[in-house]
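Engineer: So that we are looking at the same thing, I have put the structure below in structure tokens.
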Amino acid sequence: MGDKPICEHTGSSFIQHYYQLFDSDRTQLGTIYIDASCLKWEGQQLLGKAAIVEKLSNLPFQKIQHRIMVQDRQPTPDSCIISMVVGQLKDAEDPIMGFHYTFLLKNINSA
């Protein structure tokens, strides 16, 4: 880890892992969500691991590539990490599009 704060190391590792799973096999994203997780996707509120994985696994594109341009992280007073991502995504049929995403990471082992 070197001189990197723990939130930088944890947040960066999580983002790398998340988008590697998303781009290769979205069904495996269930390994990072829990039953208390929530996700808002294009206005639709999803609650729980099963609902989130079902939504992400059934998106209309088969292959997608994310290119992360910028990542920022911020620790929170309750020991969580807010991780923000800005990048580009490309599927097989559409032009490159920009995206941004915000994650709230919580250590469930210390909950």
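Order determines the names: the first chain of the structure tokens is A, the second B, and so forth; residues in each chain are numbered 1 upward, and ligands are numbered 1 upward as they are shown.
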Find the residues around Val53 (chain A) up to 8 Å (only C-alpha atoms counted), leave out those fewer than 6 positions away in its own chain, and share them as a PyMOL selection string.
Structural biologist: chain A and resi 26-27+29-30
Engineer: Where in chain A does DSSP assign helix (DSSP H, G or I), given as number ranges by chain?
Structural biologist: A: 6-24, 26-31, 49-57, 108-110
Engineer: Step one, run DSSP on the backbone; step two, keep only residues of chain A assigned to strand (DSSP E); then write them as a PyMOL selection string.
Structural biologist: chain A and resi 38-41+44-47+64-75+81-91+97-105
Engineer: Excluding Ala92 (chain A) and residues on its chain fewer than 4 positions from it, collect all residues at most 10 Å away from it, counting only C-alpha atoms, and give them as a PDB file with N, CA, C and O atoms, in the first residue's frame.
Structural biologist:
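And here is the file that came out, result33.pdb:
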ATOM      1  N   PHE A  61     -27.273  -5.083 -23.709  1.00  0.00           N
ATOM      2  CA  PHE A  61     -26.018  -5.314 -24.436  1.00  0.00           C
ATOM      3  C   PHE A  61     -25.339  -6.580 -23.929  1.00  0.00           C
ATOM      4  O   PHE A  61     -25.473  -6.953 -22.773  1.00  0.00           O
ATOM      5  N   GLN A  62     -24.628  -7.245 -24.812  1.00  0.00           N
ATOM      6  CA  GLN A  62     -23.925  -8.466 -24.438  1.00  0.00           C
ATOM      7  C   GLN A  62     -22.510  -8.180 -23.946  1.00  0.00           C
ATOM      8  O   GLN A  62     -22.075  -8.719 -22.954  1.00  0.00           O
ATOM      9  N   LYS A  63     -21.796  -7.347 -24.678  1.00  0.00           N
ATOM     10  CA  LYS A  63     -20.417  -7.009 -24.316  1.00  0.00           C
ATOM     11  C   LYS A  63     -20.312  -5.511 -24.132  1.00  0.00           C
ATOM     12  O   LYS A  63     -20.896  -4.741 -24.893  1.00  0.00           O
ATOM     13  N   ILE A  64     -19.540  -5.137 -23.146  1.00  0.00           N
ATOM     14  CA  ILE A  64     -19.323  -3.707 -22.876  1.00  0.00           C
ATOM     15  C   ILE A  64     -17.895  -3.543 -22.368  1.00  0.00           C
ATOM     16  O   ILE A  64     -17.337  -4.455 -21.779  1.00  0.00           O
ATOM     17  N   GLN A  65     -17.328  -2.387 -22.640  1.00  0.00           N
ATOM     18  CA  GLN A  65     -15.999  -2.059 -22.138  1.00  0.00           C
ATOM     19  C   GLN A  65     -16.064  -0.721 -21.435  1.00  0.00           C
ATOM     20  O   GLN A  65     -16.528   0.265 -22.008  1.00  0.00           O
ATOM     21  N   ILE A  96     -18.944   5.523 -28.443  1.00  0.00           N
ATOM     22  CA  ILE A  96     -18.457   5.703 -27.078  1.00  0.00           C
ATOM     23  C   ILE A  96     -19.335   6.710 -26.359  1.00  0.00           C
ATOM     24  O   ILE A  96     -19.710   7.739 -26.919  1.00  0.00           O
TER      25      ILE A  96
END
Engineer: Which one of A:Leu39, A:Leu47, A:Ile32, A:Leu89 sits closest to Ile15 (chain A) if you count only C-alpha atoms?
Structural biologist: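 The answer is A:Ile32, which sits nearest to Ile15 (chain A).
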Engineer: So which residues touch Gln44 (chain A) within 12 Å, counting only C-alpha atoms, skipping near sequence neighbours fewer than 5 positions away, as a ChimeraX atom specification?
Structural biologist: /A:38-39,51-52,55-56
